[in-house]
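A.B. asks: Structure file run-v7.cif (mmCIF, C-alpha atoms) is given on the next line.
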```cif
data_entry
loop_
_atom_site.group_PDB
_atom_site.id
_atom_site.type_symbol
_atom_site.label_atom_id
_atom_site.label_comp_id
_atom_site.auth_asym_id
_atom_site.auth_seq_id
_atom_site.Cartn_x
_atom_site.Cartn_y
_atom_site.Cartn_z
ATOM 1 C CA MET A 1 -202.828 -5.695 -92.577
ATOM 2 C CA LYS A 2 -204.718 -8.719 -93.874
ATOM 3 C CA LEU A 3 -203.235 -12.019 -92.804
ATOM 4 C CA HIS A 4 -202.926 -13.525 -96.270
ATOM 5 C CA THR A 5 -201.182 -10.451 -97.675
ATOM 6 C CA ILE A 6 -198.315 -10.864 -95.207
ATOM 7 C CA LEU A 7 -197.461 -14.074 -97.055
ATOM 8 C CA GLU A 8 -198.332 -12.609 -100.469
ATOM 9 C CA LEU A 9 -201.313 -14.909 -100.961
ATOM 10 C CA ASP A 10 -204.781 -14.345 -102.369
ATOM 11 C CA SER A 11 -206.276 -16.345 -99.499
ATOM 12 C CA LEU A 12 -205.216 -18.471 -96.533
ATOM 13 C CA LYS A 13 -207.148 -20.736 -94.181
ATOM 14 C CA PHE A 14 -205.732 -21.618 -90.782
ATOM 15 C CA VAL A 15 -206.260 -25.174 -89.545
ATOM 16 C CA GLU A 16 -207.164 -23.771 -86.100
ATOM 17 C CA GLU A 17 -210.902 -23.101 -86.133
ATOM 18 C CA TYR A 18 -211.076 -20.418 -83.434
ATOM 19 C CA PHE A 19 -208.736 -17.804 -81.980
ATOM 20 C CA ALA A 20 -209.034 -19.496 -78.592
ATOM 21 C CA ASP A 21 -207.551 -22.671 -80.139
ATOM 22 C CA LEU A 22 -204.256 -20.939 -80.874
ATOM 23 C CA ALA A 23 -202.793 -21.519 -77.402
ATOM 24 C CA ASP A 24 -203.261 -25.281 -77.748
ATOM 25 C CA PRO A 25 -200.386 -26.963 -79.641
ATOM 26 C CA ALA A 26 -202.661 -29.842 -80.629
ATOM 27 C CA SER A 27 -204.835 -27.464 -82.655
ATOM 28 C CA ALA A 28 -202.000 -26.935 -85.151
ATOM 29 C CA GLU A 29 -201.215 -30.615 -85.616
ATOM 30 C CA VAL A 30 -203.892 -30.957 -88.303
ATOM 31 C CA VAL A 31 -201.508 -29.299 -90.747
ATOM 32 C CA LEU A 32 -199.159 -32.297 -90.462
ATOM 33 C CA ALA A 33 -201.627 -34.359 -92.485
ATOM 34 C CA CYS A 34 -201.485 -32.113 -95.544
ATOM 35 C CA ARG A 35 -199.604 -33.021 -98.723
ATOM 36 C CA PRO A 36 -197.891 -29.759 -99.679
ATOM 37 C CA LEU A 37 -197.055 -28.664 -103.203
ATOM 38 C CA GLU A 38 -195.329 -25.495 -101.999
ATOM 39 C CA GLY A 39 -194.566 -23.919 -98.640
ATOM 40 C CA LYS A 40 -194.068 -20.578 -96.922
ATOM 41 C CA VAL A 41 -192.538 -19.729 -93.544
ATOM 42 C CA LEU A 42 -193.215 -16.593 -91.513
ATOM 43 C CA ILE A 43 -190.720 -15.489 -88.854
ATOM 44 C CA ASP A 44 -190.765 -12.550 -86.455
ATOM 45 C CA GLU A 45 -188.180 -9.837 -85.801
ATOM 46 C CA ASP A 46 -186.161 -12.281 -83.681
ATOM 47 C CA GLU A 47 -186.398 -14.956 -86.392
ATOM 48 C CA ASP A 48 -188.740 -17.105 -84.292
ATOM 49 C CA LEU A 49 -191.371 -19.031 -86.238
ATOM 50 C CA LEU A 50 -194.799 -17.395 -86.315
ATOM 51 C CA ALA A 51 -196.660 -19.455 -88.906
ATOM 52 C CA VAL A 52 -196.355 -21.859 -91.787
ATOM 53 C CA ALA A 53 -198.459 -22.113 -94.927
ATOM 54 C CA PHE A 54 -198.718 -24.880 -97.502
ATOM 55 C CA ARG A 55 -200.288 -24.977 -100.940
ATOM 56 C CA THR A 56 -202.385 -28.107 -101.345
ATOM 57 C CA ASP A 57 -204.872 -29.284 -103.952
ATOM 58 C CA GLU A 58 -207.581 -27.453 -101.971
ATOM 59 C CA GLY A 59 -205.664 -24.164 -101.653
ATOM 60 C CA TRP A 60 -203.357 -22.591 -99.071
ATOM 61 C CA VAL A 61 -203.651 -23.788 -95.478
ATOM 62 C CA GLY A 62 -201.652 -22.571 -92.506
ATOM 63 C CA ALA A 63 -200.811 -23.223 -88.880
ATOM 64 C CA ASN A 64 -200.155 -20.590 -86.248
ATOM 65 C CA TYR A 65 -197.325 -20.571 -83.688
ATOM 66 C CA LEU A 66 -198.001 -17.189 -82.137
ATOM 67 C CA PHE A 67 -198.678 -18.650 -78.674
ATOM 68 C CA HIS A 68 -196.808 -21.952 -78.639
ATOM 69 C CA PRO A 69 -193.682 -23.454 -80.229
ATOM 70 C CA PRO A 70 -194.012 -25.462 -83.441
ATOM 71 C CA ASP A 71 -194.085 -29.229 -83.620
ATOM 72 C CA PRO A 72 -190.644 -30.157 -85.043
ATOM 73 C CA GLU A 73 -192.398 -32.467 -87.509
ATOM 74 C CA VAL A 74 -193.928 -29.515 -89.332
ATOM 75 C CA LEU A 75 -190.512 -28.564 -90.680
ATOM 76 C CA ASP A 76 -190.235 -31.974 -92.327
ATOM 77 C CA LEU A 77 -193.054 -30.963 -94.665
ATOM 78 C CA PHE A 78 -190.702 -28.471 -96.307
ATOM 79 C CA ASP A 79 -188.114 -31.093 -97.269
ATOM 80 C CA GLU A 80 -189.353 -31.716 -100.787
ATOM 81 C CA VAL A 81 -191.135 -28.489 -101.746
ATOM 82 C CA GLU A 82 -190.125 -24.979 -102.738
ATOM 83 C CA VAL A 83 -190.034 -22.709 -99.689
ATOM 84 C CA GLY A 84 -190.520 -18.954 -99.365
ATOM 85 C CA ILE A 85 -189.382 -17.186 -96.207
ATOM 86 C CA TYR A 86 -191.148 -14.039 -94.973
ATOM 87 C CA GLN A 87 -190.609 -11.782 -91.975
ATOM 88 C CA GLU A 88 -192.997 -9.585 -90.013
ATOM 89 C CA THR A 89 -193.067 -8.133 -86.513
ATOM 90 C CA ARG A 90 -194.903 -10.181 -83.922
ATOM 91 C CA GLU A 91 -197.189 -7.236 -83.121
ATOM 92 C CA VAL A 92 -198.309 -6.751 -86.733
ATOM 93 C CA PHE A 93 -198.870 -10.469 -87.203
ATOM 94 C CA ALA A 94 -200.855 -10.752 -83.954
ATOM 95 C CA ALA A 95 -203.167 -7.939 -85.070
ATOM 96 C CA ALA A 96 -203.653 -9.662 -88.439
ATOM 97 C CA VAL A 97 -204.513 -12.931 -86.692
ATOM 98 C CA ARG A 98 -207.069 -11.208 -84.457
ATOM 99 C CA GLU A 99 -208.578 -9.582 -87.545
ATOM 100 C CA TYR A 100 -208.772 -12.949 -89.322
ATOM 101 C CA TYR A 101 -210.773 -14.589 -86.535
ATOM 102 C CA SER A 102 -212.868 -11.481 -85.871
ATOM 103 C CA ALA A 103 -213.909 -11.490 -89.534
ATOM 104 C CA ASP A 104 -215.209 -15.018 -89.042
ATOM 105 C CA ILE A 105 -217.353 -13.825 -86.112
ATOM 106 C CA VAL A 106 -218.752 -10.995 -88.235
ATOM 107 C CA GLN A 107 -219.661 -13.445 -90.998
ATOM 108 C CA THR A 108 -221.054 -16.318 -88.929
ATOM 109 C CA VAL A 109 -222.390 -15.013 -85.588
ATOM 110 C CA SER A 110 -225.702 -13.202 -85.098
ATOM 111 C CA PRO A 111 -225.129 -10.099 -82.945
ATOM 112 C CA ALA A 112 -226.655 -9.800 -79.493
ATOM 113 C CA MET A 113 -229.234 -7.083 -78.935
ATOM 114 C CA GLU A 114 -227.879 -3.595 -78.307
ATOM 115 C CA ASP A 115 -227.211 -3.277 -74.578
ATOM 116 C CA ILE A 116 -225.454 0.073 -74.159
ATOM 117 C CA PRO A 117 -227.217 3.286 -73.021
ATOM 118 C CA PRO A 118 -226.378 6.224 -75.320
ATOM 119 C CA ASP A 119 -224.476 8.150 -72.632
ATOM 120 C CA ARG A 120 -222.427 5.335 -71.122
ATOM 121 C CA GLN A 121 -219.333 5.796 -73.277
ATOM 122 C CA GLU A 122 -219.205 9.483 -72.345
ATOM 123 C CA LYS A 123 -219.398 8.579 -68.646
ATOM 124 C CA ILE A 124 -216.612 6.005 -68.943
ATOM 125 C CA THR A 125 -214.435 8.477 -70.836
ATOM 126 C CA SER A 126 -214.907 11.001 -68.042
ATOM 127 C CA LEU A 127 -213.971 8.373 -65.439
ATOM 128 C CA LEU A 128 -210.840 7.446 -67.387
ATOM 129 C CA GLY A 129 -209.824 11.097 -67.494
ATOM 130 C CA GLU A 130 -210.077 11.254 -63.714
ATOM 131 C CA VAL A 131 -208.163 8.023 -63.103
ATOM 132 C CA TRP A 132 -205.465 8.065 -65.774
ATOM 133 C CA GLY A 133 -205.371 11.667 -66.962
ATOM 134 C CA GLU A 134 -204.834 12.754 -70.523
ATOM 135 C CA ASN A 135 -201.145 11.956 -71.206
ATOM 136 C CA ILE A 136 -201.794 8.392 -72.292
ATOM 137 C CA ASP A 137 -201.789 8.601 -76.092
ATOM 138 C CA GLY A 138 -200.650 5.378 -77.724
ATOM 139 C CA VAL A 139 -200.429 3.414 -74.466
ATOM 140 C CA ARG A 140 -201.731 -0.162 -74.554
ATOM 141 C CA CYS A 141 -204.676 -1.114 -72.332
ATOM 142 C CA LEU A 142 -206.445 -4.457 -72.011
ATOM 143 C CA ASP A 143 -210.256 -4.331 -71.988
ATOM 144 C CA CYS A 144 -211.141 -7.531 -70.141
ATOM 145 C CA CYS A 145 -214.667 -8.955 -70.512
ATOM 146 C CA CYS A 146 -215.273 -6.236 -73.078
ATOM 147 C CA GLY A 147 -218.817 -7.257 -74.033
ATOM 148 C CA SER A 148 -219.953 -5.203 -76.999
ATOM 149 C CA GLY A 149 -217.092 -2.761 -76.635
ATOM 150 C CA VAL A 150 -218.238 0.402 -74.898
ATOM 151 C CA GLY A 151 -215.084 0.348 -72.767
ATOM 152 C CA ALA A 152 -212.836 -0.194 -75.786
ATOM 153 C CA ALA A 153 -214.480 2.737 -77.545
ATOM 154 C CA ALA A 154 -213.931 4.968 -74.503
ATOM 155 C CA LEU A 155 -210.308 3.849 -74.172
ATOM 156 C CA ARG A 156 -209.738 4.626 -77.843
ATOM 157 C CA GLU A 157 -211.390 8.033 -77.421
ATOM 158 C CA MET A 158 -208.916 8.789 -74.615
ATOM 159 C CA GLY A 159 -205.991 7.962 -76.913
ATOM 160 C CA LEU A 160 -205.215 4.560 -75.438
ATOM 161 C CA CYS A 161 -204.701 1.493 -77.666
ATOM 162 C CA PRO A 162 -207.150 -1.157 -76.439
ATOM 163 C CA LEU A 163 -206.912 -4.902 -76.780
ATOM 164 C CA ALA A 164 -210.395 -6.221 -76.042
ATOM 165 C CA TYR A 165 -211.430 -9.753 -75.178
ATOM 166 C CA ASP A 166 -214.547 -11.655 -74.177
ATOM 167 C CA HIS A 167 -215.840 -15.227 -74.509
ATOM 168 C CA ASP A 168 -219.292 -14.205 -75.834
ATOM 169 C CA ALA A 169 -219.083 -14.055 -79.633
ATOM 170 C CA THR A 170 -222.601 -12.587 -79.936
ATOM 171 C CA LEU A 171 -221.586 -9.542 -77.886
ATOM 172 C CA LEU A 172 -218.394 -9.164 -79.909
ATOM 173 C CA ALA A 173 -220.463 -9.340 -83.101
ATOM 174 C CA ARG A 174 -222.638 -6.495 -81.781
ATOM 175 C CA GLY A 175 -219.549 -4.470 -80.967
ATOM 176 C CA PHE A 176 -218.169 -4.971 -84.479
ATOM 177 C CA GLU A 177 -221.495 -3.970 -86.019
ATOM 178 C CA GLU A 178 -221.675 -0.794 -83.924
ATOM 179 C CA GLY A 179 -218.030 0.094 -84.592
ATOM 180 C CA ARG A 180 -217.082 0.057 -80.925
ATOM 181 C CA LEU A 181 -214.825 -2.957 -81.415
ATOM 182 C CA LEU A 182 -212.188 -3.154 -84.141
ATOM 183 C CA PRO A 183 -211.308 -6.587 -85.583
ATOM 184 C CA GLY A 184 -207.542 -6.212 -85.213
ATOM 185 C CA GLU A 185 -207.916 -5.255 -81.547
ATOM 186 C CA THR A 186 -210.344 -7.976 -80.441
ATOM 187 C CA ALA A 187 -210.096 -11.632 -79.391
ATOM 188 C CA CYS A 188 -212.742 -14.195 -78.441
ATOM 189 C CA ILE A 189 -211.175 -16.058 -75.497
ATOM 190 C CA ASP A 190 -211.847 -17.225 -71.958
ATOM 191 C CA ALA A 191 -210.704 -14.383 -69.684
ATOM 192 C CA THR A 192 -209.479 -16.892 -67.088
ATOM 193 C CA ALA A 193 -206.736 -17.836 -69.569
ATOM 194 C CA ALA A 194 -205.799 -14.345 -70.793
ATOM 195 C CA THR A 195 -202.108 -14.723 -69.921
ATOM 196 C CA ALA A 196 -201.834 -17.400 -72.628
ATOM 197 C CA TYR A 197 -202.708 -14.823 -75.305
ATOM 198 C CA PHE A 198 -201.364 -11.465 -74.124
ATOM 199 C CA THR A 199 -198.152 -10.037 -72.724
ATOM 200 C CA PRO A 200 -198.112 -7.481 -69.874
ATOM 201 C CA VAL A 201 -199.149 -3.910 -70.672
ATOM 202 C CA PRO A 202 -199.309 -0.679 -68.644
ATOM 203 C CA TYR A 203 -203.092 -0.588 -68.124
ATOM 204 C CA GLY A 204 -205.969 -3.030 -67.747
ATOM 205 C CA ALA A 205 -209.682 -2.512 -67.198
ATOM 206 C CA VAL A 206 -212.968 -4.302 -66.603
ATOM 207 C CA PHE A 207 -216.002 -2.088 -67.084
ATOM 208 C CA MET A 208 -219.062 -3.334 -65.172
ATOM 209 C CA MET A 209 -217.778 -6.695 -64.014
ATOM 210 C CA GLY A 210 -220.697 -9.129 -64.005
ATOM 211 C CA THR A 211 -222.659 -9.600 -60.805
ATOM 212 C CA ILE A 212 -220.419 -11.358 -58.282
ATOM 213 C CA ARG A 213 -222.378 -14.002 -56.398
ATOM 214 C CA SER A 214 -221.160 -16.622 -53.946
ATOM 215 C CA PHE A 215 -221.307 -19.433 -56.516
ATOM 216 C CA ASP A 216 -219.313 -17.606 -59.208
ATOM 217 C CA ALA A 217 -216.974 -15.454 -57.107
ATOM 218 C CA GLY A 218 -214.142 -17.884 -57.846
ATOM 219 C CA LEU A 219 -214.583 -17.304 -61.573
ATOM 220 C CA TRP A 220 -214.375 -13.519 -61.217
ATOM 221 C CA GLU A 221 -211.418 -13.871 -58.858
ATOM 222 C CA ALA A 222 -209.559 -15.929 -61.488
ATOM 223 C CA ILE A 223 -210.383 -13.360 -64.181
ATOM 224 C CA THR A 224 -209.148 -10.565 -61.926
ATOM 225 C CA PHE A 225 -205.867 -12.335 -61.133
ATOM 226 C CA GLU A 226 -205.218 -12.876 -64.851
ATOM 227 C CA LEU A 227 -205.758 -9.182 -65.568
ATOM 228 C CA LEU A 228 -203.583 -8.153 -62.611
ATOM 229 C CA ASP A 229 -200.794 -10.361 -63.984
ATOM 230 C CA LEU A 230 -201.078 -8.547 -67.308
ATOM 231 C CA SER A 231 -201.375 -4.902 -66.225
ATOM 232 C CA ASP A 232 -199.339 -2.535 -64.082
ATOM 233 C CA GLU A 233 -202.405 -0.483 -63.179
ATOM 234 C CA THR A 234 -205.862 -2.007 -63.169
ATOM 235 C CA LEU A 235 -209.325 -0.442 -63.084
ATOM 236 C CA VAL A 236 -212.472 -2.430 -62.281
ATOM 237 C CA THR A 237 -216.007 -1.084 -62.086
ATOM 238 C CA VAL A 238 -218.906 -2.906 -60.437
ATOM 239 C CA ALA A 239 -222.475 -2.164 -59.372
ATOM 240 C CA THR A 240 -222.186 -2.379 -55.585
ATOM 241 C CA GLU A 241 -219.797 -1.431 -52.793
ATOM 242 C CA ASP A 242 -219.679 -5.028 -51.522
ATOM 243 C CA GLU A 243 -218.464 -6.184 -54.943
ATOM 244 C CA ALA A 244 -215.872 -3.420 -55.069
ATOM 245 C CA ARG A 245 -214.558 -4.393 -51.625
ATOM 246 C CA MET A 246 -214.350 -8.029 -52.746
ATOM 247 C CA VAL A 247 -212.334 -7.043 -55.830
ATOM 248 C CA ALA A 248 -210.079 -4.905 -53.636
ATOM 249 C CA GLY A 249 -209.398 -7.970 -51.467
ATOM 250 C CA TRP A 250 -208.324 -9.951 -54.523
ATOM 251 C CA CYS A 251 -206.041 -7.092 -55.529
ATOM 252 C CA ARG A 252 -204.412 -7.025 -52.100
ATOM 253 C CA ALA A 253 -203.922 -10.800 -52.283
ATOM 254 C CA ALA A 254 -202.058 -10.226 -55.547
ATOM 255 C CA GLY A 255 -199.750 -7.702 -53.873
ATOM 256 C CA ARG A 256 -201.462 -4.599 -55.235
ATOM 257 C CA VAL A 257 -202.586 -1.427 -53.468
ATOM 258 C CA PRO A 258 -206.305 -0.917 -54.198
ATOM 259 C CA GLU A 259 -208.389 2.226 -53.873
ATOM 260 C CA VAL A 260 -212.203 2.057 -53.837
ATOM 261 C CA TRP A 261 -214.696 4.854 -54.333
ATOM 262 C CA GLU A 262 -218.217 5.563 -55.528
ATOM 263 C CA ASN A 263 -218.554 6.958 -59.034
ATOM 264 C CA SER A 264 -221.304 9.580 -59.115
ATOM 265 C CA ARG A 265 -221.391 9.646 -62.935
ATOM 266 C CA ASP A 266 -223.241 6.350 -63.264
ATOM 267 C CA PRO A 267 -225.686 5.056 -60.616
ATOM 268 C CA ILE A 268 -226.073 1.654 -62.332
ATOM 269 C CA TYR A 269 -223.302 0.228 -64.516
ATOM 270 C CA ASP A 270 -220.023 1.669 -63.197
ATOM 271 C CA ARG A 271 -221.188 2.915 -59.820
ATOM 272 C CA TRP A 272 -218.260 1.600 -57.764
ATOM 273 C CA VAL A 273 -214.632 1.764 -58.840
ATOM 274 C CA CYS A 274 -211.571 -0.151 -57.686
ATOM 275 C CA VAL A 275 -208.173 0.939 -59.006
ATOM 276 C CA ALA A 276 -205.204 -1.262 -58.104
ATOM 277 C CA ARG A 277 -201.615 -0.098 -58.449
ATOM 278 C CA ARG A 278 -198.308 -1.788 -57.795
ATOM 279 C CA GLU A 279 -196.634 -1.003 -54.465
#
```
Can you give me the file's structure in the form of structure tokens?

C.D. replies:
Amino acid sequence: MKLHTILELDSLKFVEEYFADLADPASAEVVLACRPLEGKVLIDEDEDLLAVAFRTDEGWVGANYLFHPPDPEVLDLFDEVEVGIYQETREVFAAAVREYYSADIVQTVSPAMEDIPPDRQEKITSLLGEVWGENIDGVRCLDCCCGSGVGAAALREMGLCPLAYDHDATLLARGFEEGRLLPGETACIDATAATAYFTPVPYGAVFMMGTIRSFDAGLWEAITFELLDLSDETLVTVATEDEARMVAGWCRAAGRVPEVWENSRDPIYDRWVCVARRE
């Protein structure tokens, strides 16, 4: 569902420039400076505030409270204007918000070069069948550091419902262009802060974690801990056994039980696999 249609508008512009801004309360404060002629309020199924929208001389502008509580001052803007109240589930609204910001990437970001071998999705799908079986239709899975979306496409092929995220907008733009990533399922964020944007789900995955070197191991460790916090069962693929053993150590430090093995399907991208489960 398009974001503006939830509020029965022809168009709506959020004051927050990027999806990643939405976890920062200060990003929504810009809306306090507007001079509204009319207002709309969106609440979720529990009647918690999700967003506000105001009609100004320049059109409808909104502020998003999906990931943080509203500034009490924003409600003062409704004191002297006509107010419409709308309700939508948090899940539907979140998908609409992801679609809104993904559309901006499609329109403004030049895609990275294609980087996926033709047979890689098939190999990942086969690996997923081995690890998680086939009775996973409709189950949510996070695709961390999704790149241009080959993992998300494989997860979707297996019947899972992926939520993909990466900080590189050019790779996301390539994934949208190729159809591997879907706008309502994708977010451009820093993976070290994923818990600010997502709630825990049954499965999480990183396909071909970037090369883990001594100077950036802390970054990958932080990304891994975030994903472990968000998933009951976590799959990570890497290029080398040393990297897989390092990931397994992080999983043990987080109280998980890791299993490491070599994946004969792919000698390059997903050669080593670490699957971590709760005790």

A.B. asks: Kindly give the distance, in Å, that separates CA of Ile212 (chain A) and CA of Val238 (chain A), rounded to a single decimal.

C.D. replies: 8.9 Å

A.B. asks: Using only C-alpha atoms, can you tell me which of A:Met158, A:Ala193, A:Leu3, A:Val260 comes closest to Glu88 (chain A)?

C.D. replies: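 Nearest to Glu88 (chain A): A:Leu3.
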
A.B. asks: What separation in Å, quoted to one decimal, exists between CA of Ala51 (chain A) and CA of Ala63 (chain A)?

C.D. replies: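 Between CA of Ala51 (chain A) and CA of Ala63 (chain A) the gap works out to 5.6 Å.
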
A.B. asks: I'd like the contact shell of Thr195 (chain A) - 12 Å cut-off, only C-alpha atoms, skipping same-chain residues fewer than 5 positions apart - returned as a PyMOL selection string.

C.D. replies: chain A and resi 23+67+142+144+165+189-190+200-201+222-231

A.B. asks: Of the residues A:Ala244, A:Leu77, A:Ile116, A:Leu49, which is the one nearest to Arg35 (chain A), using all atoms listed in the file?

C.D. replies: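 Once distances to Arg35 (chain A) are computed over all atoms listed in the file, the minimum belongs to A:Leu77.
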
A.B. asks: Is it possible to get the axis-aligned box enclosing region 237-247 of chain A (all listed atoms, 5 Å extra per side) as AutoDock Vina command-line options, with centre and edge lengths in Å rounded to one decimal?

C.D. replies:
```
--center_x -217.4 --center_y -4.6 --center_z -56.8 --size_x 20.1 --size_y 16.9 --size_z 20.6
```

A.B. asks: What would the selection look like, as a count of residues only, if the PyMOL selection byres ((chain A and resi 103) around 12) were run on the coordinates I just shared?

C.D. replies: 30

A.B. asks: Assuming the chain letters and numbering stay as they are in my file, what does the PyMOL selection byres ((chain A and resi 269) around 10) actually select? List them as a list in words.

C.D. replies: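 Residues picked by the PyMOL selection byres ((chain A and resi 269) around 10): Ile116, Pro117, Arg120, Ile124, Phe207, Met208, Met209, Gly210, Thr237, Val238, Ala239, Thr240, Asn263, Arg265, Asp266, Pro267, Ile268, Asp270, Arg271 and Trp272 of chain A.
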
A.B. asks: Can you find the residues with an atom no farther than 12 Å from (-202.6, -31.1, -83.3), counting all atoms listed in the file, and report them as a PyMOL selection string?

C.D. replies: chain A and resi 15-17+21-33+63-65+68+70-71+73-74

A.B. asks: Please evaluate the PyMOL selection byres ((chain A and resi 130) around 12) against the displayed coordinates and give the resulting residues as number ranges by chain.

C.D. replies: A: 123-129, 131-135, 158, 235, 263, 265, 273, 275

A.B. asks: Suppose you want the space between CA of Gly255 (chain A) and CA of Glu233 (chain A); what is it in Å?

C.D. replies: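 The value is 12.1 Å.
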
A.B. asks: Counting only C-alpha atoms, which residues have an atom no more than 9 Å from (-204.0, -6.8, -56.3) in the file's coordinates? Please list them as a tab-separated table (two decimals) with C-alpha atoms, in the coordinates of the input.

C.D. replies:
```
chain	number	residue	atom	x	y	z
A	224	THR	CA	-209.15	-10.56	-61.93
A	225	PHE	CA	-205.87	-12.34	-61.13
A	228	LEU	CA	-203.58	-8.15	-62.61
A	234	THR	CA	-205.86	-2.01	-63.17
A	247	VAL	CA	-212.33	-7.04	-55.83
A	248	ALA	CA	-210.08	-4.90	-53.64
A	249	GLY	CA	-209.40	-7.97	-51.47
A	250	TRP	CA	-208.32	-9.95	-54.52
A	251	CYS	CA	-206.04	-7.09	-55.53
A	252	ARG	CA	-204.41	-7.02	-52.10
A	253	ALA	CA	-203.92	-10.80	-52.28
A	254	ALA	CA	-202.06	-10.23	-55.55
A	255	GLY	CA	-199.75	-7.70	-53.87
A	256	ARG	CA	-201.46	-4.60	-55.24
A	257	VAL	CA	-202.59	-1.43	-53.47
A	258	PRO	CA	-206.30	-0.92	-54.20
A	276	ALA	CA	-205.20	-1.26	-58.10
A	277	ARG	CA	-201.62	-0.10	-58.45
A	278	ARG	CA	-198.31	-1.79	-57.80
```

A.B. asks: Excluding same-chain residues fewer than 2 positions from Gly147 (chain A), what lies within 6 Å of it counting all atoms listed in the file, as a VMD selection string?

C.D. replies: chain A and resid 145 149 171

A.B. asks: Within 9 Å of Leu155 (chain A), counting all atoms listed in the file, which residues show up once you throw out same-chain ones fewer than 2 positions away? Write them as an MDAnalysis selection string, please.

C.D. replies: chainID A and resid 124:125 128 141 143 150:153 157:162

A.B. asks: I'd like the neighbourhood of Thr170 (chain A) as a ChimeraX atom specification, where a residue qualifies if any of its atoms comes within 8 Å (using all atoms listed in the file), though same-chain residues fewer than 5 positions away should be ignored.

C.D. replies: /A:109-112

A.B. asks: The selected residues should be written to file as a compact mmCIF listing (two decimals), in the frame of the given file (atoms: C-alpha atoms).

C.D. replies:
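The resulting file, result08.txt, is reproduced below:
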```
# COMPACT_ATOMS: atom_id res chain seq x y z
CA VAL A 109 -222.39 -15.01 -85.59
CA SER A 110 -225.70 -13.20 -85.10
CA PRO A 111 -225.13 -10.10 -82.94
CA ALA A 112 -226.66 -9.80 -79.49
```

A.B. asks: Kindly indicate which residue among A:Asp48, A:Glu221, A:Glu279, A:Glu178 lies nearest to Ile85 (chain A), using all atoms listed in the file for the distances.

C.D. replies: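 That would be A:Asp48, the residue with the smallest distance to Ile85 (chain A).
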